[in-house]
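Here is run27.cif, consisting of mmCIF, C-alpha atoms:
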```cif
data_coords
#
loop_
_atom_site.label_atom_id
_atom_site.label_comp_id
_atom_site.auth_asym_id
_atom_site.auth_seq_id
_atom_site.Cartn_x
_atom_site.Cartn_y
_atom_site.Cartn_z
CA MET A 75 -11.02 3.07 -22.08
CA ASN A 76 -7.34 2.15 -22.05
CA LEU A 77 -5.40 1.84 -18.79
CA GLU A 78 -1.61 1.81 -19.01
CA ALA A 79 1.08 1.63 -16.34
CA ASN A 80 4.77 2.16 -17.00
CA GLY A 81 7.63 1.46 -14.61
CA LEU A 82 5.61 1.61 -11.39
CA CYS A 83 7.60 1.61 -8.16
CA PHE A 84 6.09 1.97 -4.71
CA ALA A 85 7.26 1.57 -1.12
CA TYR A 86 5.42 1.97 2.17
CA HIS A 87 8.79 2.41 3.89
CA THR A 88 11.95 3.90 2.42
CA GLY A 89 14.31 1.27 1.10
CA LYS A 90 11.67 -1.51 1.16
CA PRO A 91 9.98 -1.44 -2.24
CA VAL A 92 6.68 -3.28 -2.63
CA LEU A 93 6.41 -2.67 -6.39
CA LYS A 94 9.46 -2.73 -8.64
CA ASP A 95 9.20 -1.45 -12.22
CA ILE A 96 5.74 -2.85 -13.04
CA SER A 97 4.33 -2.17 -16.52
CA LEU A 98 1.05 -3.31 -18.06
CA ALA A 99 -1.68 -2.24 -20.46
CA VAL A 100 -5.41 -3.03 -20.44
CA GLN A 101 -7.62 -2.35 -23.42
CA PRO A 102 -11.43 -2.37 -23.64
CA ASP A 103 -12.90 -5.88 -23.55
CA GLN A 104 -9.76 -7.31 -21.92
CA ILE A 105 -9.44 -9.29 -18.69
CA LEU A 106 -6.00 -9.07 -17.11
CA TYR A 107 -5.23 -11.46 -14.25
CA VAL A 108 -2.52 -10.54 -11.75
CA LEU A 109 -1.13 -13.69 -10.14
CA GLY A 110 1.57 -14.33 -7.58
CA PRO A 111 2.19 -15.51 -4.02
CA ASN A 112 1.07 -13.73 -0.87
CA GLY A 113 2.89 -10.46 -0.29
CA CYS A 114 4.12 -10.04 -3.86
CA GLY A 115 2.33 -6.68 -4.27
CA LYS A 116 -0.91 -7.53 -6.07
CA SER A 117 -3.22 -5.50 -3.80
CA THR A 118 -0.79 -2.58 -3.72
CA LEU A 119 -0.71 -2.58 -7.51
CA LEU A 120 -4.51 -2.31 -7.63
CA SER A 121 -4.41 0.54 -5.11
CA CYS A 122 -2.04 2.43 -7.40
CA LEU A 123 -4.06 1.69 -10.54
CA SER A 124 -7.20 2.98 -8.83
CA GLY A 125 -5.52 6.21 -7.75
CA ILE A 126 -5.78 5.47 -4.03
CA ARG A 127 -1.99 5.38 -3.77
CA LYS A 128 0.41 7.36 -5.91
CA PRO A 129 3.48 5.43 -7.09
CA ASP A 130 6.90 6.75 -6.15
CA GLN A 131 8.06 6.32 -9.74
CA GLY A 132 6.43 5.58 -13.06
CA SER A 133 3.21 6.69 -14.66
CA ILE A 134 -0.40 5.54 -14.92
CA LEU A 135 -2.31 6.73 -17.97
CA LEU A 136 -6.06 6.62 -18.56
CA ASP A 137 -6.69 7.07 -22.27
CA GLY A 138 -3.29 8.74 -22.45
CA ILE A 139 -3.99 11.17 -19.58
CA ASP A 140 -2.07 11.09 -16.31
CA LEU A 141 -4.39 9.37 -13.84
CA PHE A 142 -3.46 11.75 -11.01
CA SER A 143 -4.30 14.83 -13.06
CA ILE A 144 -7.92 13.65 -13.17
CA ALA A 145 -10.20 14.85 -10.37
CA PRO A 146 -10.97 12.08 -7.84
CA GLU A 147 -14.71 12.19 -8.54
CA ASP A 148 -14.04 11.76 -12.26
CA ARG A 149 -11.63 8.89 -11.58
CA ALA A 150 -14.32 7.17 -9.50
CA ARG A 151 -16.68 7.26 -12.48
CA LYS A 152 -14.09 5.62 -14.71
CA ILE A 153 -12.25 3.15 -12.45
CA GLY A 154 -13.98 1.01 -9.85
CA LEU A 155 -12.17 -1.00 -7.16
CA ILE A 156 -13.73 -4.02 -5.48
CA PRO A 157 -11.60 -4.66 -2.37
CA GLN A 158 -10.64 -8.02 -0.98
CA THR A 159 -12.22 -7.39 2.42
CA HIS A 160 -14.55 -4.77 3.86
CA VAL A 161 -15.71 -4.26 7.42
CA PRO A 162 -18.52 -1.66 7.69
CA ALA A 163 -18.85 0.65 10.66
CA PHE A 164 -22.65 0.37 10.69
CA ALA A 165 -25.17 -2.37 9.96
CA TYR A 166 -26.28 -1.06 6.58
CA THR A 167 -28.71 -3.16 4.63
CA VAL A 168 -27.37 -5.12 1.69
CA ARG A 169 -29.24 -2.83 -0.70
CA ASP A 170 -27.76 0.29 0.91
CA MET A 171 -24.26 -1.17 0.63
CA VAL A 172 -24.75 -1.76 -3.08
CA LEU A 173 -26.34 1.65 -3.52
CA MET A 174 -23.09 3.23 -2.27
CA GLY A 175 -21.61 2.21 -5.60
CA ARG A 176 -23.70 4.94 -7.19
CA ALA A 177 -22.02 7.71 -5.12
CA PRO A 178 -19.61 8.83 -7.90
CA HIS A 179 -22.61 9.55 -10.13
CA LEU A 180 -24.35 11.78 -7.55
CA GLY A 181 -23.71 15.34 -6.50
CA LEU A 182 -22.35 16.12 -3.05
CA PHE A 183 -25.80 16.64 -1.51
CA ASP A 184 -27.85 14.57 -3.95
CA SER A 185 -29.98 11.62 -2.89
CA PRO A 186 -30.17 8.44 -4.94
CA ARG A 187 -32.75 8.59 -7.70
CA ARG A 188 -35.10 5.90 -8.82
CA ALA A 189 -32.67 4.93 -11.58
CA ASP A 190 -29.92 4.45 -8.97
CA TYR A 191 -32.10 2.08 -6.96
CA GLU A 192 -32.91 0.14 -10.12
CA ILE A 193 -29.22 -0.20 -10.97
CA ALA A 194 -28.49 -1.39 -7.43
CA ASP A 195 -31.29 -3.95 -7.62
CA GLN A 196 -30.05 -5.15 -11.03
CA SER A 197 -26.56 -5.57 -9.61
CA LEU A 198 -27.89 -7.64 -6.72
CA GLU A 199 -29.84 -9.75 -9.19
CA SER A 200 -26.62 -10.30 -11.19
CA VAL A 201 -25.01 -12.03 -8.21
CA GLN A 202 -28.32 -13.64 -7.16
CA LEU A 203 -28.61 -11.89 -3.81
CA SER A 204 -31.93 -10.10 -4.33
CA HIS A 205 -33.47 -12.17 -1.55
CA LEU A 206 -30.97 -10.65 0.94
CA ARG A 207 -31.34 -7.01 -0.02
CA ASP A 208 -33.03 -5.98 3.25
CA ARG A 209 -30.71 -8.01 5.50
CA PRO A 210 -28.03 -6.21 7.56
CA TYR A 211 -24.71 -6.56 5.76
CA THR A 212 -23.01 -7.43 9.07
CA GLU A 213 -25.10 -10.59 9.40
CA LEU A 214 -23.89 -12.14 6.14
CA SER A 215 -21.31 -14.84 5.70
CA GLY A 216 -17.89 -14.01 4.27
CA GLY A 217 -18.88 -15.32 0.86
CA GLU A 218 -22.13 -13.36 0.83
CA ARG A 219 -20.29 -10.18 1.78
CA GLN A 220 -17.88 -10.73 -1.09
CA LEU A 221 -20.82 -11.01 -3.50
CA VAL A 222 -22.32 -7.80 -2.09
CA MET A 223 -19.04 -5.96 -2.70
CA ILE A 224 -18.99 -7.28 -6.25
CA ALA A 225 -22.56 -6.07 -6.73
CA ARG A 226 -21.56 -2.64 -5.38
CA GLY A 227 -18.70 -2.51 -7.87
CA LEU A 228 -21.07 -3.43 -10.69
CA ALA A 229 -23.46 -0.68 -9.59
CA GLN A 230 -20.64 1.82 -10.00
CA GLN A 231 -20.79 1.11 -13.77
CA CYS A 232 -17.20 1.99 -14.57
CA PRO A 233 -15.53 1.13 -17.87
CA ILE A 234 -12.54 -0.26 -15.91
CA MET A 235 -13.01 -2.55 -12.92
CA LEU A 236 -10.25 -3.57 -10.52
CA MET A 237 -11.09 -6.69 -8.49
CA ASP A 238 -8.98 -7.86 -5.56
CA GLU A 239 -9.48 -11.62 -5.18
CA PRO A 240 -13.15 -11.68 -6.22
CA ASP A 241 -13.08 -15.48 -5.98
CA ALA A 242 -11.99 -15.48 -2.32
CA HIS A 243 -14.51 -16.98 0.14
CA LEU A 244 -16.77 -18.12 -2.72
CA ASP A 245 -17.84 -21.69 -3.35
CA PRO A 246 -17.29 -23.08 -6.87
CA GLN A 247 -20.83 -22.24 -8.00
CA ASN A 248 -20.53 -18.58 -7.00
CA GLN A 249 -17.01 -18.32 -8.40
CA HIS A 250 -18.37 -19.55 -11.71
CA ARG A 251 -21.33 -17.16 -11.53
CA VAL A 252 -19.15 -14.10 -10.85
CA LEU A 253 -16.52 -14.92 -13.43
CA GLU A 254 -19.10 -15.66 -16.10
CA LEU A 255 -20.59 -12.25 -15.33
CA VAL A 256 -17.11 -10.72 -15.70
CA ALA A 257 -16.71 -12.41 -19.06
CA GLN A 258 -20.12 -11.16 -20.16
CA LEU A 259 -19.37 -7.56 -19.15
CA SER A 260 -15.98 -7.76 -20.79
CA GLY A 261 -17.74 -8.58 -24.04
CA GLN A 262 -19.69 -5.35 -23.60
CA GLY A 263 -16.61 -3.15 -23.39
CA VAL A 264 -15.70 -3.26 -19.68
CA SER A 265 -12.04 -3.91 -18.86
CA PHE A 266 -11.02 -5.92 -15.79
CA VAL A 267 -7.83 -6.20 -13.77
CA ILE A 268 -8.22 -9.11 -11.35
CA ALA A 269 -5.76 -9.94 -8.58
CA SER A 270 -6.17 -13.61 -7.76
CA HIS A 271 -4.65 -16.68 -6.17
CA SER A 272 -6.31 -18.94 -8.73
CA PRO A 273 -4.22 -19.75 -11.82
CA ASN A 274 -7.06 -22.07 -12.85
CA ASN A 275 -9.53 -19.19 -13.12
CA ALA A 276 -6.96 -17.20 -15.08
CA LEU A 277 -6.56 -20.17 -17.38
CA PHE A 278 -10.23 -19.98 -18.40
CA TYR A 279 -11.10 -16.30 -18.07
CA ALA A 280 -7.99 -14.19 -18.64
CA ASP A 281 -6.92 -12.57 -21.89
CA ARG A 282 -3.54 -11.65 -20.46
CA VAL A 283 -1.62 -12.48 -17.27
CA LEU A 284 0.84 -10.57 -15.13
CA LEU A 285 2.80 -13.02 -12.98
CA MET A 286 4.45 -11.29 -10.01
CA LYS A 287 7.15 -12.34 -7.57
CA ASP A 288 8.73 -10.22 -4.83
CA GLY A 289 7.08 -7.06 -6.12
CA ALA A 290 8.41 -7.40 -9.65
CA SER A 291 7.00 -8.67 -12.91
CA LEU A 292 8.19 -12.22 -13.45
CA ALA A 293 6.32 -12.52 -16.76
CA TYR A 294 3.60 -10.65 -18.63
CA GLY A 295 1.72 -11.62 -21.74
CA LYS A 296 -0.72 -14.08 -23.26
CA VAL A 297 -2.19 -16.82 -21.10
CA SER A 298 -0.53 -19.59 -23.09
CA ASP A 299 2.89 -17.96 -22.69
CA ILE A 300 2.64 -17.23 -18.96
CA LEU A 301 0.73 -20.13 -17.40
CA THR A 302 3.50 -22.65 -17.94
CA GLU A 303 4.98 -25.12 -15.49
CA PRO A 304 8.43 -23.44 -15.30
CA LEU A 305 7.07 -19.91 -14.74
CA LEU A 306 4.38 -20.97 -12.24
CA SER A 307 6.86 -23.13 -10.33
CA THR A 308 9.27 -20.20 -10.11
CA ALA A 309 6.58 -17.75 -8.99
CA TYR A 310 5.14 -19.94 -6.25
CA GLU A 311 8.38 -21.76 -5.36
CA LEU A 312 6.45 -24.98 -5.72
CA ASP A 313 6.54 -27.68 -8.36
CA MET A 314 3.43 -26.93 -10.45
CA ALA A 315 1.81 -29.13 -13.09
CA VAL A 316 -0.31 -28.00 -16.03
CA ILE A 317 -2.70 -30.82 -16.83
CA GLY A 318 -4.53 -31.05 -20.12
CA ASP A 319 -5.37 -33.07 -23.18
CA VAL A 320 -4.83 -32.85 -26.91
CA ASP A 321 -7.47 -31.50 -29.28
CA GLU A 322 -6.70 -32.14 -32.97
CA GLY A 323 -3.01 -32.36 -32.20
CA ILE A 324 -2.94 -29.15 -30.13
CA PRO A 325 -2.25 -29.35 -26.36
CA VAL A 326 -5.12 -27.81 -24.40
CA PRO A 327 -4.47 -27.04 -20.69
CA ARG A 328 -7.38 -27.91 -18.40
CA ALA A 329 -6.06 -27.44 -14.86
CA ILE A 330 -3.10 -26.15 -12.88
CA VAL A 331 -2.24 -28.01 -9.68
CA PRO A 332 0.72 -28.36 -7.31
CA ARG A 333 2.68 -31.48 -8.15
CA ARG A 334 2.78 -33.65 -5.07
CA PRO A 335 6.01 -35.46 -4.29
CA THR A 336 6.15 -39.15 -5.04
CA TYR A 337 6.16 -40.81 -1.63
CA SER A 338 7.85 -44.18 -1.49
CA ARG A 339 7.48 -46.41 1.52
CA MET A 340 10.74 -48.18 2.30
CA GLU A 341 12.05 -50.13 5.27
CA PRO A 342 15.76 -50.22 6.17
CA ASP A 343 15.93 -54.01 5.77
CA ASP A 344 14.74 -53.63 2.17
CA ILE A 345 18.37 -52.93 1.31
CA GLU A 346 18.97 -56.66 1.70
CA ARG A 347 16.15 -57.66 -0.66
CA LEU A 348 16.31 -57.51 -4.42
CA GLU A 349 13.54 -55.75 -6.36
CA THR A 350 12.59 -53.43 -3.49
CA ASN A 351 12.51 -49.66 -3.86
CA LEU A 352 15.43 -49.18 -1.48
CA ALA A 353 17.57 -51.82 -3.18
CA LYS A 354 16.85 -50.13 -6.50
CA VAL A 355 18.02 -46.77 -5.09
CA PHE A 356 21.38 -48.30 -4.16
CA ALA A 357 21.65 -50.07 -7.50
CA ASP A 358 20.88 -46.85 -9.40
CA GLY A 359 23.42 -45.02 -7.24
CA GLN A 360 26.20 -46.87 -9.03
CA GLU A 361 25.26 -45.03 -12.22
CA SER A 362 23.95 -41.69 -10.92
CA PRO A 363 23.89 -40.17 -7.38
CA GLN A 364 20.63 -40.82 -5.57
CA LEU A 365 18.98 -38.82 -2.79
CA ILE A 366 16.40 -39.97 -0.24
CA ILE A 367 14.61 -37.14 1.58
CA VAL A 368 13.34 -38.56 4.86
CA THR A 369 10.49 -36.61 6.43
CA GLY A 370 7.79 -37.11 9.03
CA GLN A 371 6.23 -35.46 12.04
CA SER A 372 8.16 -34.94 15.27
CA GLY A 373 8.57 -38.23 17.08
CA SER A 374 7.72 -40.34 14.04
CA GLY A 375 11.11 -42.08 14.04
CA LYS A 376 13.20 -40.31 11.39
CA SER A 377 16.48 -40.69 13.29
CA THR A 378 15.64 -44.28 14.19
CA TRP A 379 14.98 -45.06 10.51
CA CYS A 380 18.33 -43.55 9.50
CA LYS A 381 20.20 -45.37 12.26
CA GLU A 382 18.68 -48.69 11.22
CA LEU A 383 19.56 -47.99 7.57
CA SER A 384 23.18 -47.30 8.52
CA LEU A 385 23.39 -50.60 10.43
CA ARG A 386 21.84 -52.57 7.57
CA ALA A 387 24.17 -50.90 5.06
CA LYS A 388 27.24 -51.74 7.17
CA GLY A 389 25.96 -55.27 7.45
CA ILE A 390 26.21 -55.78 3.69
CA GLY A 391 29.65 -54.18 3.50
CA LEU A 392 28.84 -50.62 2.46
CA SER A 393 30.89 -47.66 3.73
CA ILE A 394 28.93 -45.14 5.84
CA GLY A 395 29.50 -41.46 6.60
CA GLY A 396 27.60 -38.50 7.93
CA ILE A 397 25.78 -37.63 11.13
CA LEU A 398 22.81 -38.61 13.25
CA SER A 399 21.09 -36.22 15.66
CA PRO A 400 18.98 -38.37 17.99
CA ALA A 401 16.90 -36.88 20.76
CA VAL A 402 18.01 -37.11 24.39
CA PHE A 403 15.29 -37.92 26.91
CA GLU A 404 15.17 -37.52 30.67
CA ASN A 405 12.18 -38.88 32.61
CA GLY A 406 10.28 -39.28 29.36
CA GLU A 407 10.83 -35.66 28.29
CA LYS A 408 12.97 -34.57 25.33
CA THR A 409 15.66 -32.41 26.88
CA GLY A 410 18.40 -32.32 24.28
CA ILE A 411 19.84 -33.38 20.94
CA ASP A 412 23.10 -35.28 20.39
CA LEU A 413 25.31 -35.33 17.31
CA ILE A 414 26.85 -38.67 16.31
CA ASN A 415 29.64 -39.18 13.77
CA LEU A 416 28.52 -42.24 11.82
CA ALA A 417 32.06 -43.02 10.70
CA ASP A 418 33.40 -43.79 14.19
CA GLY A 419 30.46 -43.49 16.60
CA SER A 420 31.84 -40.49 18.50
CA HIS A 421 29.24 -38.08 19.80
CA ARG A 422 28.73 -34.70 21.44
CA ARG A 423 25.78 -32.75 22.82
CA LEU A 424 24.41 -30.58 20.01
CA ALA A 425 21.57 -28.70 21.71
CA GLY A 426 19.81 -28.25 25.02
CA GLN A 427 16.56 -26.61 25.94
CA ARG A 428 16.62 -22.86 25.52
CA GLN A 429 16.52 -20.87 28.73
CA GLY A 430 15.11 -17.33 28.66
CA THR A 431 16.70 -14.90 26.24
CA SER A 432 19.69 -17.03 25.31
CA SER A 433 22.32 -15.66 22.97
CA GLY A 434 24.20 -17.48 20.23
CA VAL A 435 22.66 -19.96 17.82
CA THR A 436 19.11 -20.63 18.95
CA THR A 437 15.63 -21.59 17.83
CA PRO A 438 12.48 -20.97 19.86
CA ARG A 439 13.05 -24.28 21.66
CA TRP A 440 16.77 -25.10 21.45
CA GLN A 441 20.12 -23.55 22.36
CA PHE A 442 22.81 -24.97 20.04
CA ASP A 443 26.41 -25.58 21.01
CA GLU A 444 28.43 -23.69 18.42
CA ALA A 445 31.54 -25.84 18.94
CA THR A 446 29.49 -28.95 18.19
CA LEU A 447 28.04 -27.31 15.08
CA ASP A 448 31.61 -26.58 13.95
CA TRP A 449 32.50 -30.22 14.65
CA GLY A 450 29.55 -31.39 12.55
CA ASN A 451 30.60 -29.13 9.69
CA ILE A 452 34.12 -30.56 9.86
CA ILE A 453 32.71 -34.10 9.65
CA LEU A 454 30.56 -33.24 6.67
CA GLY A 455 33.26 -31.17 4.99
CA ASN A 456 35.82 -33.98 5.08
CA LEU A 457 33.83 -37.00 3.96
CA PRO A 458 35.86 -39.55 2.00
CA PRO A 459 34.25 -41.34 -0.96
CA THR A 460 31.38 -43.13 0.76
CA ASP A 461 28.66 -45.55 -0.39
CA LEU A 462 26.01 -43.97 1.87
CA VAL A 463 25.96 -40.51 3.46
CA ILE A 464 23.29 -39.75 6.08
CA ILE A 465 22.62 -36.21 7.28
CA ASP A 466 20.15 -36.08 10.17
CA GLU A 467 18.91 -33.37 10.02
CA LEU A 468 18.91 -30.07 8.11
CA GLY A 469 16.41 -27.61 9.54
CA PRO A 470 15.50 -23.91 9.73
CA LEU A 471 19.05 -22.93 10.68
CA GLU A 472 20.36 -24.29 7.40
CA PHE A 473 17.46 -23.58 5.01
CA ARG A 474 16.22 -20.26 6.35
CA ARG A 475 19.04 -18.60 8.31
CA GLY A 476 22.25 -19.60 6.53
CA MET A 477 23.63 -21.03 9.78
CA GLY A 478 24.21 -24.43 11.31
CA LEU A 479 25.38 -27.38 9.22
CA GLN A 480 25.93 -25.54 5.96
CA ASN A 481 28.36 -28.23 4.81
CA GLY A 482 25.40 -30.61 4.86
CA LEU A 483 23.68 -28.56 2.17
CA ARG A 484 26.88 -28.49 0.13
CA VAL A 485 27.40 -32.25 0.37
CA ILE A 486 23.99 -32.89 -1.16
CA ASP A 487 24.34 -30.10 -3.72
CA GLU A 488 27.61 -31.57 -4.98
CA ARG A 489 26.14 -35.07 -5.41
CA ALA A 490 29.56 -36.66 -4.90
CA HIS A 491 28.33 -39.88 -3.22
CA PRO A 492 26.31 -42.77 -4.69
CA VAL A 493 23.47 -42.57 -2.14
CA MET A 494 22.66 -39.71 0.21
CA CYS A 495 19.93 -39.58 2.82
CA VAL A 496 18.84 -36.31 4.41
CA VAL A 497 16.25 -35.76 7.15
CA VAL A 498 13.96 -32.76 6.66
CA ARG A 499 10.92 -31.82 8.72
CA PRO A 500 7.57 -31.50 6.82
CA SER A 501 7.50 -27.69 7.11
CA LEU A 502 10.75 -27.53 5.10
CA LEU A 503 9.91 -30.21 2.57
CA SER A 504 9.00 -27.67 -0.11
CA ASP A 505 12.39 -25.96 0.41
CA ALA A 506 14.17 -29.30 0.07
CA ARG A 507 12.25 -30.30 -3.05
CA LYS A 508 12.94 -26.94 -4.64
CA ARG A 509 16.66 -27.32 -3.96
CA TRP A 510 16.84 -31.03 -4.82
CA PRO A 511 14.02 -31.84 -7.24
CA HIS A 512 15.63 -35.20 -8.02
CA GLY A 513 15.12 -36.42 -4.44
CA LEU A 514 12.87 -39.37 -3.58
CA VAL A 515 10.63 -38.49 -0.62
CA MET A 516 10.24 -41.08 2.10
CA ASP A 517 7.75 -40.26 4.90
CA VAL A 518 8.24 -42.41 7.96
CA SER A 519 4.80 -41.30 9.19
CA GLY A 520 3.27 -43.30 6.34
CA LYS A 521 2.17 -41.51 3.16
CA PRO A 522 0.37 -42.96 0.16
CA GLY A 523 2.87 -43.98 -2.47
CA ASP A 524 3.90 -46.80 -4.68
CA GLY A 525 4.19 -49.11 -1.70
CA ARG A 526 6.75 -51.59 -0.54
CA LYS A 527 7.51 -54.32 -3.05
#
```

This structure in structure tokens:
Amino acid sequence: MNLEANGLCFAYHTGKPVLKDISLAVQPDQILYVLGPNGCGKSTLLSCLSGIRKPDQGSILLDGIDLFSIAPEDRARKIGLIPQTHVPAFAYTVRDMVLMGRAPHLGLFDSPRRADYEIADQSLESVQLSHLRDRPYTELSGGERQLVMIARGLAQQCPIMLMDEPDAHLDPQNQHRVLELVAQLSGQGVSFVIASHSPNNALFYADRVLLMKDGASLAYGKVSDILTEPLLSTAYELDMAVIGDVDEGIPVPRAIVPRRPTYSRMEPDDIERLETNLAKVFADGQESPQLIIVTGQSGSGKSTWCKELSLRAKGIGLSIGGILSPAVFENGEKTGIDLINLADGSHRRLAGQRQGTSSGVTTPRWQFDEATLDWGNIILGNLPPTDLVIIDELGPLEFRRGMGLQNGLRVIDERAHPVMCVVVRPSLLSDARKRWPHGLVMDVSGKPGDGRK
């Protein structure tokens, strides 16, 4: 059977669309993978394709017939949906759970026949759970439950199967077993639409891929055209690498993995030593602007590292600009944050501990002084040509809320200084790398890298 969707739009709440103009087509023998980050609409798309939810706009056709003109019991015999999670109300046995997949083939008051039990047992055998068939479903592990739901879907014996993250909770062996079974059934005329978080499984098992982002179709087509580094990196907002080898002159992808940043361990006094990583950054900065992204856990010494770098740079005659935001301690407790102008050493209190339901610019822990934020923006917005600019730090206010030291973002974006150094907490490192992919990551907590020379 052919399943076709054209221009699907769906919203749970008016004005907040979950699906935006999604189109796809699945033919017999095809496996379509739907990929994309959490919340992009994959599960909602499967709900629409199964007929559980009716799209607000667009059409779904089953062999050219409007899906919603087909009686629900007939739809259930043609399209099966294996959900991502299932919590039963009663402690049914595993066999009874699988037997429920035969319901669309029975009359309203019919009992399962011998043939139905045989199909259920064959489905359990397919996922190698026959030994658990008399166990209560509620006593199984998450992975075992997922296999039972897959067996129930197989027992439904539909020509089109929709699977919502069938590889979730499964170890590699069971993932392989299930996906090999999918490939086998596909060769026998069954079509599959699989929502997944595994581009690697799509690489090996998909015929076509729909890559989603923010409820829309980012790309749709053949595996080789969709599972590319640029498209995957855009979809997941993470630098992705497609690793492979060459077979008779043709590149063959073998794995898709996030590309980890290159961590370089540097010490501030390295600026005074030739042939060190830090000295090379400053040397390269004479030809092309360089960026050091300093990260590390709270209390690891990010501000101290930047302060020491500024002193070492001044010591060899370099001009310094920017800001530091060191912590303020009282009786061993961090009670505030200062803001220091590196050009002249002047400073003001930037933030104090948040009290109750404070108004203004706040985070869960800190209440920011808006006048000091304005002062910091003036400093960063009026930097003269400078050998080294340090911005300590840019955080959730800047990256996520469009507030705070926005001039700090612009300074780095413009790349107008030979060497720039920005402090970013680990939770925002992916945002920083996305915005400044040319940056060299330096983790003061100590990360594996190319080492200090």

I'd like the residues picked by the PyMOL selection byres ((chain A and resi 300) around 12) written out as a tab-separated table (two decimals) with C-alpha atoms, keeping the file's coordinate frame, using the chain letters and numbers from the file.
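Below you can see part-v1.tsv, which holds the result:
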```tsv
chain	number	residue	atom	x	y	z
A	107	TYR	CA	-5.23	-11.46	-14.25
A	108	VAL	CA	-2.52	-10.54	-11.75
A	109	LEU	CA	-1.13	-13.69	-10.14
A	110	GLY	CA	1.57	-14.33	-7.58
A	273	PRO	CA	-4.22	-19.75	-11.82
A	276	ALA	CA	-6.96	-17.20	-15.08
A	277	LEU	CA	-6.56	-20.17	-17.38
A	280	ALA	CA	-7.99	-14.19	-18.64
A	281	ASP	CA	-6.92	-12.57	-21.89
A	282	ARG	CA	-3.54	-11.65	-20.46
A	283	VAL	CA	-1.62	-12.48	-17.27
A	284	LEU	CA	0.84	-10.57	-15.13
A	285	LEU	CA	2.80	-13.02	-12.98
A	286	MET	CA	4.45	-11.29	-10.01
A	291	SER	CA	7.00	-8.67	-12.91
A	292	LEU	CA	8.19	-12.22	-13.45
A	293	ALA	CA	6.32	-12.52	-16.76
A	294	TYR	CA	3.60	-10.65	-18.63
A	295	GLY	CA	1.72	-11.62	-21.74
A	296	LYS	CA	-0.72	-14.08	-23.26
A	297	VAL	CA	-2.19	-16.82	-21.10
A	298	SER	CA	-0.53	-19.59	-23.09
A	299	ASP	CA	2.89	-17.96	-22.69
A	301	LEU	CA	0.73	-20.13	-17.40
A	302	THR	CA	3.50	-22.65	-17.94
A	303	GLU	CA	4.98	-25.12	-15.49
A	304	PRO	CA	8.43	-23.44	-15.30
A	305	LEU	CA	7.07	-19.91	-14.74
A	306	LEU	CA	4.38	-20.97	-12.24
A	307	SER	CA	6.86	-23.13	-10.33
A	308	THR	CA	9.27	-20.20	-10.11
A	309	ALA	CA	6.58	-17.75	-8.99
A	316	VAL	CA	-0.31	-28.00	-16.03
```

Spatial neighbours of Cys232 in chain A, max dist 12 Å, only C-alpha atoms, sep filter under 4 positions, as a ChimeraX atom specification: /A:75,102,124,148-156,175-176,178-179,226-228,236,259-260,262-266

Those residues with C-alpha atoms, as an mmCIF file, keeping the file's coordinate frame please?
```
data_model
loop_
_atom_site.group_PDB
_atom_site.id
_atom_site.type_symbol
_atom_site.label_atom_id
_atom_site.label_comp_id
_atom_site.auth_asym_id
_atom_site.auth_seq_id
_atom_site.Cartn_x
_atom_site.Cartn_y
_atom_site.Cartn_z
ATOM 1 C CA MET A 75 -11.020 3.070 -22.080
ATOM 2 C CA PRO A 102 -11.430 -2.370 -23.640
ATOM 3 C CA SER A 124 -7.200 2.980 -8.830
ATOM 4 C CA ASP A 148 -14.040 11.760 -12.260
ATOM 5 C CA ARG A 149 -11.630 8.890 -11.580
ATOM 6 C CA ALA A 150 -14.320 7.170 -9.500
ATOM 7 C CA ARG A 151 -16.680 7.260 -12.480
ATOM 8 C CA LYS A 152 -14.090 5.620 -14.710
ATOM 9 C CA ILE A 153 -12.250 3.150 -12.450
ATOM 10 C CA GLY A 154 -13.980 1.010 -9.850
ATOM 11 C CA LEU A 155 -12.170 -1.000 -7.160
ATOM 12 C CA ILE A 156 -13.730 -4.020 -5.480
ATOM 13 C CA GLY A 175 -21.610 2.210 -5.600
ATOM 14 C CA ARG A 176 -23.700 4.940 -7.190
ATOM 15 C CA PRO A 178 -19.610 8.830 -7.900
ATOM 16 C CA HIS A 179 -22.610 9.550 -10.130
ATOM 17 C CA ARG A 226 -21.560 -2.640 -5.380
ATOM 18 C CA GLY A 227 -18.700 -2.510 -7.870
ATOM 19 C CA LEU A 228 -21.070 -3.430 -10.690
ATOM 20 C CA LEU A 236 -10.250 -3.570 -10.520
ATOM 21 C CA LEU A 259 -19.370 -7.560 -19.150
ATOM 22 C CA SER A 260 -15.980 -7.760 -20.790
ATOM 23 C CA GLN A 262 -19.690 -5.350 -23.600
ATOM 24 C CA GLY A 263 -16.610 -3.150 -23.390
ATOM 25 C CA VAL A 264 -15.700 -3.260 -19.680
ATOM 26 C CA SER A 265 -12.040 -3.910 -18.860
ATOM 27 C CA PHE A 266 -11.020 -5.920 -15.790
#
```

Contacts of range 347-359 of chain A at 12 Å (only C-alpha atoms; same-chain gap of 6+ positions) as a count of residues only: 32

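Take CA of Phe164 in chain A and CA of Pro246 in chain A: the distance between them is 29.8 Å.
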
Evaluate the PyMOL selection byres ((chain A and resi 253-257) around 9) and report residues as a list in words: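 Selection result, ordered by chain and number: Asp103, Ile105, Ser200, Val201, Pro240, Asp241, Asn248, Gln249, His250, Arg251, Val252, Gln258, Leu259, Ser260, Gly261, Gln262, Val264, Phe266, Asn275, Tyr279 and Ala280 of chain A.
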
Best match for closeness to Thr118 in chain A among A:Trp510, A:Phe442, A:Tyr86, A:Trp449, counting all atoms listed in the file: A:Tyr86
